[in-house]
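**Q** Okay, so here is input.cif, and as you'll see once you scroll down, it has mmCIF, C-alpha atoms and all ligand atoms.
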```
data_structure
loop_
_atom_site.label_atom_id
_atom_site.label_comp_id
_atom_site.auth_asym_id
_atom_site.auth_seq_id
_atom_site.Cartn_x
_atom_site.Cartn_y
_atom_site.Cartn_z
CA MET H 79 0.00 0.00 0.00
CA SER H 80 1.28 3.44 -0.90
CA SER H 81 -0.29 6.84 -0.85
CA ILE H 82 0.04 10.35 -2.20
CA TYR H 83 -0.27 13.51 -0.12
CA ILE H 84 -1.01 16.85 -1.80
CA HIS H 85 -0.49 19.89 0.43
CA TRP H 86 -2.45 23.03 -0.50
CA PRO H 87 -1.00 25.76 1.75
CA PHE H 88 -3.63 28.49 1.43
CA CYS H 89 -6.49 29.46 3.75
CA ASN H 90 -9.02 32.30 3.78
CA SER H 91 -7.88 33.37 7.26
CA LYS H 92 -5.58 32.14 10.01
CA CYS H 93 -7.13 30.38 13.01
CA THR H 94 -5.74 31.43 16.39
CA TYR H 95 -4.47 27.96 17.39
CA CYS H 96 -3.09 26.76 14.07
CA ASN H 97 0.59 26.12 13.56
CA PHE H 98 0.28 24.24 10.28
CA TYR H 99 2.08 25.80 7.35
CA SER H 100 -0.72 27.85 5.84
CA ILE H 101 -0.97 31.36 4.55
CA VAL H 102 -3.86 33.61 3.74
CA GLN H 103 -4.76 33.24 0.11
CA GLU H 104 -4.39 36.17 -2.24
CA ASN H 105 -4.84 36.29 -6.02
CA LEU H 106 -3.44 33.03 -7.24
CA ASP H 107 -2.61 31.77 -10.70
CA TYR H 108 -4.20 28.36 -10.15
CA ASN H 109 -3.06 26.93 -13.49
CA ALA H 110 0.54 27.80 -12.72
CA TRP H 111 0.24 26.11 -9.34
CA VAL H 112 -1.36 23.00 -10.79
CA GLU H 113 1.46 22.70 -13.34
CA ARG H 114 3.99 22.77 -10.50
CA TYR H 115 2.18 19.97 -8.65
CA SER H 116 2.25 17.95 -11.84
CA LYS H 117 6.02 18.46 -12.17
CA VAL H 118 6.69 17.34 -8.61
CA LEU H 119 4.42 14.29 -8.99
CA SER H 120 6.19 13.34 -12.20
CA LYS H 121 9.58 13.47 -10.46
CA MET H 122 8.29 11.71 -7.31
CA SER H 123 6.94 8.86 -9.41
CA LEU H 124 10.50 7.85 -10.34
CA PHE H 125 10.77 6.25 -6.87
CA PHE H 126 7.43 4.55 -7.31
CA ARG H 127 8.44 3.08 -10.64
CA SER H 128 11.97 2.17 -9.59
CA ASN H 129 10.56 -0.04 -6.85
CA SER H 130 8.26 -1.84 -9.31
CA LYS H 131 6.81 -4.12 -6.68
CA ASN H 132 3.46 -4.21 -8.46
CA GLU H 133 2.62 -1.49 -6.04
CA VAL H 134 -0.55 0.58 -6.37
CA ILE H 135 -1.67 3.83 -4.80
CA THR H 136 -4.52 3.10 -2.43
CA SER H 137 -5.10 6.62 -1.11
CA ILE H 138 -4.70 10.22 -2.17
CA PHE H 139 -5.13 12.96 0.43
CA PHE H 140 -5.58 16.69 -0.25
CA GLY H 141 -4.55 18.37 3.02
CA GLY H 142 -3.73 21.87 4.05
CA GLY H 143 -4.23 24.63 4.55
CA THR H 144 -7.66 24.58 2.99
CA PRO H 145 -7.69 22.46 -0.15
CA SER H 146 -11.46 22.97 -0.47
CA LEU H 147 -10.47 26.41 -1.80
CA LEU H 148 -9.04 24.72 -4.90
CA PRO H 149 -11.33 25.05 -7.93
CA GLU H 150 -12.71 21.66 -8.98
CA ASN H 151 -10.99 21.73 -12.39
CA CYS H 152 -7.64 22.07 -10.58
CA ILE H 153 -8.44 19.08 -8.36
CA CYS H 154 -9.24 17.09 -11.51
CA LYS H 155 -5.94 18.11 -13.13
CA ILE H 156 -3.95 17.09 -10.06
CA LEU H 157 -5.79 13.75 -9.95
CA ASP H 158 -5.05 13.32 -13.68
CA SER H 159 -1.36 13.81 -12.92
CA CYS H 160 -1.54 11.21 -10.17
CA ALA H 161 -3.10 8.76 -12.64
CA LYS H 162 -0.56 9.65 -15.33
CA TYR H 163 2.52 9.03 -13.20
CA PHE H 164 1.38 6.38 -10.70
CA VAL H 165 -0.71 3.21 -10.81
CA ILE H 166 -3.91 3.92 -8.93
CA ASP H 167 -6.01 1.25 -7.27
CA ASP H 168 -9.56 0.95 -8.65
CA HIS H 169 -10.92 1.51 -5.14
CA VAL H 170 -8.61 4.37 -4.21
CA GLU H 171 -9.69 6.50 -1.25
CA ILE H 172 -9.52 10.19 -2.21
CA THR H 173 -9.90 12.55 0.75
CA LEU H 174 -10.21 16.33 0.73
CA GLU H 175 -9.91 18.46 3.89
CA ALA H 176 -12.60 21.11 3.84
CA ASN H 177 -13.46 24.22 5.79
CA PRO H 178 -17.24 24.74 6.17
CA CYS H 179 -16.90 28.38 4.97
CA THR H 180 -15.83 27.14 1.54
CA LEU H 181 -18.72 24.71 1.09
CA ASN H 182 -22.29 24.81 -0.15
CA LYS H 183 -24.52 22.19 -1.71
CA HIS H 184 -23.42 23.02 -5.26
CA LYS H 185 -19.70 22.99 -4.35
CA LEU H 186 -20.12 19.67 -2.54
CA GLN H 187 -21.77 18.12 -5.59
CA SER H 188 -18.98 19.39 -7.88
CA LEU H 189 -16.35 18.07 -5.47
CA LYS H 190 -18.00 14.67 -5.65
CA ASN H 191 -17.84 14.83 -9.47
CA THR H 192 -14.03 15.20 -9.33
CA GLY H 193 -13.71 11.68 -7.88
CA ILE H 194 -13.22 12.72 -4.27
CA ASN H 195 -14.92 10.04 -2.18
CA ARG H 196 -14.07 11.09 1.37
CA LEU H 197 -14.56 14.51 2.92
CA SER H 198 -12.92 15.62 6.15
CA ILE H 199 -14.60 18.78 7.42
CA GLY H 200 -13.00 21.03 10.06
CA ILE H 201 -15.89 21.85 12.41
CA GLN H 202 -13.69 22.24 15.54
CA SER H 203 -16.48 23.23 17.92
CA ILE H 204 -20.24 23.59 18.13
CA ASN H 205 -20.07 26.42 20.64
CA ASP H 206 -20.16 29.89 19.03
CA VAL H 207 -18.09 31.54 21.78
CA ASN H 208 -15.37 28.91 21.41
CA LEU H 209 -15.48 29.13 17.62
CA LYS H 210 -14.80 32.85 17.93
CA MET H 211 -11.90 32.24 20.30
CA LEU H 212 -10.47 29.74 17.81
CA GLY H 213 -10.71 32.39 15.07
CA ARG H 214 -13.13 30.35 13.00
CA LYS H 215 -15.29 32.26 10.51
CA HIS H 216 -18.30 29.92 10.62
CA SER H 217 -20.97 29.51 13.25
CA SER H 218 -21.88 26.32 15.02
CA SER H 219 -25.11 25.92 13.03
CA GLU H 220 -23.28 26.53 9.72
CA GLY H 221 -20.80 23.79 10.63
CA LEU H 222 -23.54 21.34 11.62
CA ASP H 223 -25.62 22.11 8.49
CA MET H 224 -22.56 21.43 6.33
CA VAL H 225 -22.06 18.02 7.94
CA THR H 226 -25.67 17.09 7.14
CA THR H 227 -25.54 18.42 3.57
CA ALA H 228 -22.18 16.73 2.92
CA SER H 229 -23.48 13.44 4.28
CA ASP H 230 -26.40 13.55 1.83
CA ILE H 231 -23.87 13.75 -1.02
CA PHE H 232 -20.89 11.73 0.24
CA ASP H 233 -21.07 8.33 1.89
CA ASN H 234 -17.80 8.84 3.78
CA VAL H 235 -17.76 12.06 5.79
CA SER H 236 -15.45 12.78 8.69
CA ALA H 237 -15.31 15.84 10.93
CA ASP H 238 -12.55 17.33 13.10
CA PHE H 239 -13.26 18.71 16.58
CA ILE H 240 -10.98 20.16 19.25
CA TYR H 241 -11.46 19.77 23.02
CA ASN H 242 -9.99 21.22 26.18
CA ILE H 243 -10.41 24.70 24.71
CA PRO H 244 -9.56 27.49 27.22
CA GLY H 245 -12.51 27.87 29.61
CA GLN H 246 -14.28 24.71 28.39
CA SER H 247 -15.53 22.45 31.18
CA ILE H 248 -15.73 18.65 31.00
CA ASN H 249 -19.52 18.84 31.05
CA GLU H 250 -19.64 21.34 28.18
CA TRP H 251 -17.43 19.02 26.14
CA GLY H 252 -19.60 16.06 27.20
CA ASP H 253 -22.67 17.88 25.82
CA GLU H 254 -20.83 18.61 22.55
CA LEU H 255 -19.87 14.94 22.30
CA LYS H 256 -23.54 13.94 22.55
CA VAL H 257 -24.37 16.21 19.59
CA ILE H 258 -21.34 14.95 17.64
CA SER H 259 -22.48 11.36 18.28
CA SER H 260 -25.86 12.09 16.72
CA LEU H 261 -24.42 13.47 13.45
CA PRO H 262 -24.49 11.38 10.25
CA LEU H 263 -20.69 10.93 10.34
CA LYS H 264 -18.70 7.78 9.53
CA HIS H 265 -15.53 9.05 11.16
CA VAL H 266 -14.49 11.69 13.70
CA SER H 267 -11.10 13.14 14.64
CA LEU H 268 -11.20 14.50 18.18
CA TYR H 269 -8.03 16.43 18.99
CA GLU H 270 -6.96 17.74 22.34
CA LEU H 271 -6.00 21.39 21.86
CA ILE H 272 -2.26 21.95 21.64
CA VAL H 273 -1.30 25.52 22.41
CA GLU H 274 1.49 25.98 19.89
CA ASP H 275 4.21 28.57 20.47
CA GLY H 276 3.97 31.58 18.22
CA THR H 277 0.23 31.29 17.59
CA LYS H 278 -2.22 34.06 18.40
CA MET H 279 -3.80 31.78 21.00
CA SER H 280 -0.50 31.34 22.81
CA GLN H 281 -0.02 35.13 22.89
CA ASP H 282 -3.56 35.64 24.18
CA ILE H 283 -2.88 33.16 27.00
CA GLN H 284 0.40 34.86 27.88
CA CYS H 285 -1.36 38.26 28.12
CA ASN H 286 -4.10 36.67 30.28
CA LYS H 287 -6.72 37.55 27.65
CA ILE H 288 -7.88 33.93 27.78
CA PRO H 289 -7.23 31.22 30.39
CA MET H 290 -4.83 28.29 30.01
CA PRO H 291 -6.55 25.05 28.94
CA ASP H 292 -7.18 22.61 31.79
CA GLN H 293 -3.84 20.96 32.66
CA ASP H 294 -5.51 17.84 34.00
CA ASN H 295 -6.62 16.43 30.65
CA ILE H 296 -7.28 12.84 31.76
CA GLU H 297 -10.97 13.40 32.45
CA PHE H 298 -11.39 15.02 29.01
CA ILE H 299 -9.77 12.01 27.34
CA THR H 300 -11.76 9.47 29.37
CA ARG H 301 -15.09 11.21 28.71
CA THR H 302 -14.27 11.42 25.00
CA TYR H 303 -13.65 7.65 24.70
CA GLU H 304 -16.72 6.85 26.77
CA VAL H 305 -19.29 8.91 24.86
CA ILE H 306 -17.95 8.30 21.40
CA SER H 307 -17.59 4.53 21.76
CA ASN H 308 -21.13 4.32 23.13
CA ALA H 309 -22.20 5.94 19.86
CA GLY H 310 -20.74 3.06 17.83
CA PHE H 311 -17.38 4.53 16.89
CA THR H 312 -14.20 2.45 17.37
CA ARG H 313 -11.08 4.22 18.50
CA TYR H 314 -8.35 3.02 16.14
CA GLU H 315 -5.86 5.78 16.85
CA ILE H 316 -5.37 8.12 19.77
CA SER H 317 -7.53 10.88 18.18
CA ASN H 318 -9.40 8.99 15.48
CA PHE H 319 -12.68 7.09 15.71
CA ALA H 320 -14.52 5.27 12.94
CA LYS H 321 -17.72 3.42 12.29
CA GLN H 322 -17.19 -0.08 10.91
CA ASN H 323 -15.11 -0.16 7.67
CA TYR H 324 -14.53 3.60 7.72
CA MET H 325 -11.02 3.91 9.16
CA CYS H 326 -9.04 6.45 7.16
CA ARG H 327 -6.93 4.41 4.77
CA HIS H 328 -4.54 7.29 4.23
CA SER H 329 -3.77 7.81 7.92
CA LEU H 330 -3.42 4.06 8.36
CA SER H 331 -0.74 4.02 5.69
CA TYR H 332 1.30 6.56 7.73
CA TRP H 333 0.84 4.63 10.94
CA ASN H 334 1.69 1.33 9.20
CA TYR H 335 4.86 2.99 8.01
CA ASP H 336 4.07 2.42 4.33
CA GLU H 337 5.64 4.49 1.60
CA TYR H 338 4.06 7.79 0.72
CA TYR H 339 4.74 10.35 -1.97
CA ALA H 340 4.02 14.05 -1.59
CA ALA H 341 3.75 17.35 -3.42
CA GLY H 342 3.33 20.89 -2.10
CA PRO H 343 5.09 23.41 0.13
CA SER H 344 6.01 21.91 3.54
CA SER H 345 4.94 18.40 2.52
CA HIS H 346 7.18 15.44 3.14
CA ALA H 347 7.46 11.99 1.63
CA ARG H 348 8.87 8.64 2.71
CA VAL H 349 10.29 6.66 -0.19
CA MET H 350 12.37 3.54 -0.70
CA GLN H 351 15.37 3.32 -2.98
CA ASP H 352 17.74 0.34 -3.16
CA ASN H 353 16.17 -1.08 0.00
CA LYS H 354 16.88 2.08 1.95
CA LYS H 355 14.25 4.41 3.34
CA TYR H 356 14.50 8.14 2.71
CA THR H 357 12.61 11.17 3.86
CA ILE H 358 12.13 14.02 1.42
CA GLU H 359 10.99 17.39 2.75
CA GLN H 360 9.77 20.15 0.50
CA VAL H 361 10.48 23.74 1.44
CA CYS H 362 7.71 25.62 3.32
CA ASP H 363 7.92 29.08 1.80
CA THR H 364 5.59 29.19 -1.21
CA ASN H 365 7.82 31.43 -3.35
CA LYS H 366 10.87 29.30 -2.63
CA TRP H 367 8.84 26.18 -3.41
CA LEU H 368 7.78 27.58 -6.80
CA LYS H 369 11.40 28.48 -7.61
CA TRP H 370 12.57 25.06 -6.45
CA VAL H 371 10.11 23.34 -8.81
CA ASP H 372 11.08 25.59 -11.71
CA SER H 373 14.75 24.82 -11.20
CA GLY H 374 14.12 21.09 -11.63
CA CYS H 375 12.84 20.07 -8.15
CA ASN H 376 15.95 18.28 -6.98
CA PHE H 377 14.96 16.29 -3.93
CA ASN H 378 16.90 16.69 -0.73
CA MET H 379 16.89 13.03 0.31
CA VAL H 380 17.85 12.15 3.86
CA GLU H 381 18.46 8.48 4.57
CA LEU H 382 16.77 7.14 7.70
CA THR H 383 19.05 5.10 9.95
CA ASP H 384 17.90 1.94 11.76
CA ILE H 385 17.35 3.88 14.96
CA ASP H 386 15.40 6.63 13.13
CA ILE H 387 13.17 3.97 11.61
CA LEU H 388 12.64 2.18 14.92
CA ARG H 389 11.80 5.44 16.67
CA GLU H 390 9.33 6.44 13.94
CA LYS H 391 7.68 2.99 13.88
CA LEU H 392 7.34 3.15 17.62
CA ILE H 393 5.82 6.63 17.62
CA MET H 394 3.42 5.74 14.78
CA GLY H 395 2.56 2.19 15.86
CA LEU H 396 1.79 2.91 19.49
CA ARG H 397 -0.73 5.59 18.51
CA THR H 398 -2.94 2.87 17.03
CA ILE H 399 -4.85 -0.12 18.34
CA PHE H 400 -2.66 -2.28 16.06
CA GLY H 401 0.47 -1.41 18.03
CA LEU H 402 4.11 -2.09 17.16
CA ASP H 403 5.44 -5.36 15.70
CA ILE H 404 8.27 -6.12 18.10
CA THR H 405 9.89 -8.62 15.73
CA GLU H 406 10.90 -5.57 13.69
CA ILE H 407 13.09 -4.25 16.49
CA PRO H 408 16.74 -4.66 15.42
CA ASN H 409 18.70 -7.13 17.60
CA GLN H 410 20.97 -4.55 19.16
CA TYR H 411 17.99 -2.74 20.77
CA ASN H 412 16.09 -5.87 21.73
CA GLN H 413 17.24 -6.16 25.33
CA THR H 414 16.72 -2.51 26.26
CA ILE H 415 13.27 -2.37 24.68
CA CYS H 416 12.20 -5.73 26.15
CA ASP H 417 13.11 -4.58 29.67
CA LYS H 418 11.02 -1.47 29.17
CA ILE H 419 8.12 -3.45 27.71
CA ASN H 420 8.11 -5.59 30.87
CA VAL H 421 7.84 -2.46 33.00
CA LEU H 422 4.91 -1.22 30.90
CA GLN H 423 3.14 -4.58 31.17
CA LYS H 424 3.61 -4.73 34.92
CA ASN H 425 1.99 -1.29 35.18
CA ASN H 426 -0.93 -2.32 32.96
CA LEU H 427 0.04 0.29 30.37
CA ALA H 428 0.69 -2.14 27.50
CA LYS H 429 0.12 -5.76 26.49
CA LEU H 430 1.82 -8.11 24.05
CA GLN H 431 -0.54 -9.76 21.55
CA LYS H 432 0.97 -12.04 18.90
CA ASN H 433 4.26 -10.13 18.86
CA ARG H 434 2.55 -6.77 18.81
CA LEU H 435 2.97 -4.29 21.60
CA ILE H 436 -0.39 -2.60 22.11
CA LEU H 437 -1.22 0.07 24.66
CA THR H 438 -4.07 -0.50 27.11
CA ASP H 439 -6.74 2.21 27.66
CA GLU H 440 -4.63 3.39 30.58
CA GLY H 441 -1.57 3.45 28.31
CA PHE H 442 -3.34 5.46 25.60
CA ILE H 443 -4.03 8.20 28.12
CA ARG H 444 -0.27 8.37 28.80
CA LEU H 445 0.82 7.87 25.19
CA ASN H 446 3.27 10.78 25.05
CA LYS H 447 5.09 9.76 28.21
CA ILE H 448 5.31 6.10 27.09
CA VAL H 449 6.70 7.05 23.68
CA GLU H 450 9.26 9.28 25.39
CA TYR H 451 10.20 6.40 27.73
CA LEU H 452 10.67 3.91 24.89
CA ALA H 453 12.07 6.16 22.19
C1 LIG H 501 -4.66 21.27 8.88
S1 LIG H 501 -6.18 21.30 9.60
C2 LIG H 501 -7.14 21.16 8.11
C3 LIG H 501 -8.63 21.48 8.23
C4 LIG H 501 -9.14 22.76 7.61
N1 LIG H 501 -8.08 23.60 7.22
C5 LIG H 501 -9.99 23.48 8.64
O1 LIG H 501 -9.40 23.97 9.60
O2 LIG H 501 -11.19 23.57 8.46
C6 LIG H 501 -6.39 19.72 10.31
C7 LIG H 501 -6.97 19.65 11.70
O3 LIG H 501 -5.97 19.74 12.69
C8 LIG H 501 -6.57 20.13 13.91
N2 LIG H 501 -5.66 21.10 14.57
C9 LIG H 501 -4.95 22.07 13.98
N3 LIG H 501 -4.23 22.75 14.91
C10 LIG H 501 -4.48 22.17 16.12
C11 LIG H 501 -4.06 22.43 17.46
N4 LIG H 501 -3.21 23.42 17.74
N5 LIG H 501 -4.53 21.63 18.46
C12 LIG H 501 -5.38 20.61 18.18
N6 LIG H 501 -5.83 20.35 16.91
C13 LIG H 501 -5.40 21.11 15.90
C14 LIG H 501 -7.90 20.77 13.58
O4 LIG H 501 -8.94 20.00 14.10
C15 LIG H 501 -7.91 20.76 12.05
O5 LIG H 501 -9.19 20.52 11.53
S1 LIG H 502 -7.00 25.25 11.10
FE1 LIG H 502 -7.36 24.92 8.95
S2 LIG H 502 -8.39 26.83 8.21
FE2 LIG H 502 -7.49 27.29 10.20
S3 LIG H 502 -5.50 28.22 9.65
FE3 LIG H 502 -5.16 26.01 10.09
S4 LIG H 502 -5.27 25.04 8.13
FE4 LIG H 502 -6.20 27.09 7.88
#
```
Once more with this new file: its structure as structure tokens, please.
**A**
Amino acid sequence: MSSIYIHWPFCNSKCTYCNFYSIVQENLDYNAWVERYSKVLSKMSLFFRSNSKNEVITSIFFGGGTPSLLPENCICKILDSCAKYFVIDDHVEITLEANPCTLNKHKLQSLKNTGINRLSIGIQSINDVNLKMLGRKHSSSEGLDMVTTASDIFDNVSADFIYNIPGQSINEWGDELKVISSLPLKHVSLYELIVEDGTKMSQDIQCNKIPMPDQDNIEFITRTYEVISNAGFTRYEISNFAKQNYMCRHSLSYWNYDEYYAAGPSSHARVMQDNKKYTIEQVCDTNKWLKWVDSGCNFNMVELTDIDILREKLIMGLRTIFGLDITEIPNQYNQTICDKINVLQKNNLAKLQKNRLILTDEGFIRLNKIVEYLA
């Protein structure tokens, strides 16, 4: 399984908490941008073809930024480039991240006509005061209406929400979870707020304009799992919950440590060449990225060492209910890791199931600390 990630770095406005590489969109020459994506995909596909393992692309993900700002004909052209340079599975999952402000019924129908078959909508909150604090430009009812309209058009709709927002109580979040549970969604991503340095939210907290989020997050996490699993969603990753057969194939490919190709400012890829694994990062700055493409897009490939790979597999694997295959741990690290695994098991934080190290519910709550301990 391999996948392709397309990063569209533009948004209509900047949310107060967001540290993703995104900039506010001004007049853009869309055709020129689409041509650049095509060039990068063409060059990236050399790795795909050189591996010739009868591999196929099983997922394509338009992330951002706000890729729902892309005109539909541009999405089609990028998908055409994917099909031209890669071999695409007949049942490929094609996801687009969308901001409710960019959607309406007509737009949703046109998006469906491009071949997109999974929509991931950023709703973030259903409390208007919190939405304002987050710098969102849509209201709670606009967000909820968009989920319903999208679900009439797409079978596979996911929505993102954030919890432990400054001032939010457990009970307020519990009430939001009940509403979220009643929505016609197949998948939800429920993220604990991270106050990122350099964001407007972090400045507002420093100046005491808004309070710090609750430091004792365990109750938030426990309540989240409780309400959402009662609504029929399975937690398959620390922040991701799906109805049966609706796990995000694209995210799974990252967590399974499969190969992925990428195009767009700030995107990164993981590719194999001559049995070695490389990471390829593309420059963030949009002007530099355009110049880099025009000068032949020479990839800056960094080989991953055994320890890099182990650390990444550990970080990715332990986030999921599938865990980490411990037979993949190179011999020289076996003893150290095994001793630590024993400690985790004794403390009921992890269990070994058919060679896979899987965190318990208790372990999931302490994921970051466990990863730090092992990695
Ligand atoms: C890159 S955004 C794309 C979604 C789309 N641009 C939107 O906001 O409508 C992906 C998701 O990451 C989550 N996210 C971004 N920054 C976060 C933060 N600081 N803490 C927690 N979640 C965050 C949000 O839920 C967001 O929907
Ligand atoms: S959260 Fe989404 S819409 Fe808001 S700035 Fe970040 S990428 Fe853009």
**Q** Of the candidates H:Gln431, H:Asn242, H:Asn90, H:Thr277, which one gets nearest to Ile299 in chain H if we count all atoms listed in the file?
**A**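 Smallest separation from Ile299 in chain H among the options: H:Asn242.
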**Q** Using all atoms listed in the file, find the one residue out of H:Glu171, H:Glu150, H:Asp403, H:Glu381 that sits nearest to Cys326 in chain H.
**A**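 Among the listed residues, H:Glu171 lies closest to Cys326 in chain H.
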**Q** Which chain H residues have any atom within 8 Å of an atom of ligand LIG 502 (chain H), and for each, what is the nearest pair of atoms with distance in Å to one decimal, counting only C-alpha atoms and all ligand atoms, rows sorted by chain and number, as JSON lines?
**A**
```
{"residue": "H:Pro87", "atom": "CA", "partner": "H:LIG502", "partner_atom": "S4", "distance": 7.7}
{"residue": "H:Phe88", "atom": "CA", "partner": "H:LIG502", "partner_atom": "FE4", "distance": 7.1}
{"residue": "H:Cys89", "atom": "CA", "partner": "H:LIG502", "partner_atom": "FE4", "distance": 4.8}
{"residue": "H:Asn90", "atom": "CA", "partner": "H:LIG502", "partner_atom": "S2", "distance": 7.1}
{"residue": "H:Ser91", "atom": "CA", "partner": "H:LIG502", "partner_atom": "S3", "distance": 6.2}
{"residue": "H:Lys92", "atom": "CA", "partner": "H:LIG502", "partner_atom": "S3", "distance": 3.9}
{"residue": "H:Cys93", "atom": "CA", "partner": "H:LIG502", "partner_atom": "FE2", "distance": 4.2}
{"residue": "H:Thr94", "atom": "CA", "partner": "H:LIG502", "partner_atom": "S3", "distance": 7.5}
{"residue": "H:Tyr95", "atom": "CA", "partner": "H:LIG502", "partner_atom": "S1", "distance": 7.3}
{"residue": "H:Cys96", "atom": "CA", "partner": "H:LIG502", "partner_atom": "FE3", "distance": 4.5}
{"residue": "H:Asn97", "atom": "CA", "partner": "H:LIG502", "partner_atom": "FE3", "distance": 6.7}
{"residue": "H:Phe98", "atom": "CA", "partner": "H:LIG502", "partner_atom": "FE3", "distance": 5.7}
{"residue": "H:Tyr99", "atom": "CA", "partner": "H:LIG502", "partner_atom": "S4", "distance": 7.4}
{"residue": "H:Ser100", "atom": "CA", "partner": "H:LIG502", "partner_atom": "S4", "distance": 5.8}
{"residue": "H:Ile101", "atom": "CA", "partner": "H:LIG502", "partner_atom": "S3", "distance": 7.5}
{"residue": "H:Gly142", "atom": "CA", "partner": "H:LIG502", "partner_atom": "S4", "distance": 5.4}
{"residue": "H:Gly143", "atom": "CA", "partner": "H:LIG502", "partner_atom": "S4", "distance": 3.8}
{"residue": "H:Thr144", "atom": "CA", "partner": "H:LIG502", "partner_atom": "S4", "distance": 5.7}
{"residue": "H:Asn177", "atom": "CA", "partner": "H:LIG502", "partner_atom": "S2", "distance": 6.2}
{"residue": "H:Gly200", "atom": "CA", "partner": "H:LIG502", "partner_atom": "FE1", "distance": 6.9}
{"residue": "H:Gly213", "atom": "CA", "partner": "H:LIG502", "partner_atom": "FE2", "distance": 7.8}
{"residue": "H:Arg214", "atom": "CA", "partner": "H:LIG502", "partner_atom": "FE2", "distance": 7.0}
```
**Q** Put a box with edges along x, y and z around all the listed atoms of ligand LIG 501 (chain H), pad it by 6 Å on each side, then give me its centre and sizes in Å, one decimal, as AutoDock Vina command-line options.
**A**
```
--center_x -7.2 --center_y 21.8 --center_z 12.8 --size_x 20.0 --size_y 16.3 --size_z 23.2
```
**Q** Mind checking which residues fall within 9 Å of range 339-351 of chain H, counting only C-alpha atoms, ignoring those fewer than 3 positions away in the same chain, and posting them as number ranges by chain?
**A** H: 80-87, 99, 114-116, 118-119, 122-123, 125-126, 128-129, 335-336, 354-364, 366-368
**Q** Which one is closest to ligand LIG 501 (chain H): H:Ser307, H:Asn353, H:Asn132, H:Ser236? Count only C-alpha atoms and all ligand atoms.
**A**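 Residue with the minimum atom-to-atom distance to ligand LIG 501 (chain H): H:Ser236.
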**Q** Which neighbours of Met211 in chain H fall inside 12 Å, counting all atoms listed in the file, when residues of the same chain fewer than 6 positions from it are skipped, and could you give them as an mmCIF file with C-alpha atoms, in the frame of the given file?
**A**
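Result file is selection-v8.cif:
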```
data_model
loop_
_atom_site.group_PDB
_atom_site.id
_atom_site.type_symbol
_atom_site.label_atom_id
_atom_site.label_comp_id
_atom_site.auth_asym_id
_atom_site.auth_seq_id
_atom_site.Cartn_x
_atom_site.Cartn_y
_atom_site.Cartn_z
ATOM 1 C CA CYS H 93 -7.130 30.380 13.010
ATOM 2 C CA THR H 94 -5.740 31.430 16.390
ATOM 3 C CA TYR H 95 -4.470 27.960 17.390
ATOM 4 C CA GLN H 202 -13.690 22.240 15.540
ATOM 5 C CA SER H 203 -16.480 23.230 17.920
ATOM 6 C CA ASN H 205 -20.070 26.420 20.640
ATOM 7 C CA SER H 217 -20.970 29.510 13.250
ATOM 8 C CA ILE H 243 -10.410 24.700 24.710
ATOM 9 C CA PRO H 244 -9.560 27.490 27.220
ATOM 10 C CA GLY H 245 -12.510 27.870 29.610
ATOM 11 C CA GLN H 246 -14.280 24.710 28.390
ATOM 12 C CA LYS H 278 -2.220 34.060 18.400
ATOM 13 C CA MET H 279 -3.800 31.780 21.000
ATOM 14 C CA SER H 280 -0.500 31.340 22.810
ATOM 15 C CA ASP H 282 -3.560 35.640 24.180
ATOM 16 C CA ILE H 283 -2.880 33.160 27.000
ATOM 17 C CA LYS H 287 -6.720 37.550 27.650
ATOM 18 C CA ILE H 288 -7.880 33.930 27.780
ATOM 19 C CA PRO H 289 -7.230 31.220 30.390
#
```
**Q** Which one is closest to His184 in chain H: H:Ile231, H:Leu222, H:Leu268, H:Ile153? Count only C-alpha atoms.
**A**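 Closest to His184 in chain H of all the choices is H:Ile231.
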**Q** Which residue is closest to ligand LIG 501 (chain H)? Choose from H:Ile135, H:Leu189, H:Met224, H:Ala237 and count only C-alpha atoms and all ligand atoms.
**A**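 Between H:Ile135, H:Leu189, H:Met224, H:Ala237, the residue approaching ligand LIG 501 (chain H) most closely is H:Ala237.
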**Q** How far is it from CA of Ile138 in chain H to CA of Leu330 in chain H, in Å with one decimal?
**A**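 According to the coordinates, CA of Ile138 in chain H and CA of Leu330 in chain H are separated by 12.3 Å.
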**Q** Ranking H:Val371, H:Ile296, H:Ile393, H:Ile448 by minimum distance to Lys121 in chain H and counting all atoms listed in the file, which one comes first?
**A** H:Val371
**Q** Residues within 9 Å of (5.7, 1.3, 28.7), file coordinates, counting all atoms listed in the file: what are they? Give the list as JSON, numbers by chain.
**A** {"H": [418, 419, 420, 421, 422, 423, 424, 425, 426, 427, 428, 437, 441, 445, 447, 448, 449, 451, 452]}
**Q** Using CA of Asp107 in chain H and CA of Phe232 in chain H as the two end points, give the distance in Å to one decimal.
**A**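 Those two atoms sit 29.2 Å apart.
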**Q** Compile the contact shell of Leu392 in chain H as a list in words: residues with an atom at most 8 Å away, counting all atoms listed in the file, same-chain residues fewer than 2 positions apart removed.
**A**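 The filter keeps Leu388, Arg389, Glu390, Met394, Gly395, Leu396, Leu402, Val449 and Ala453 of chain H.
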**Q** So how far away is CA of Ser317 in chain H from CA of Arg397 in chain H, in Å?
**A**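 Distance reported for this atom pair: 8.6 Å.
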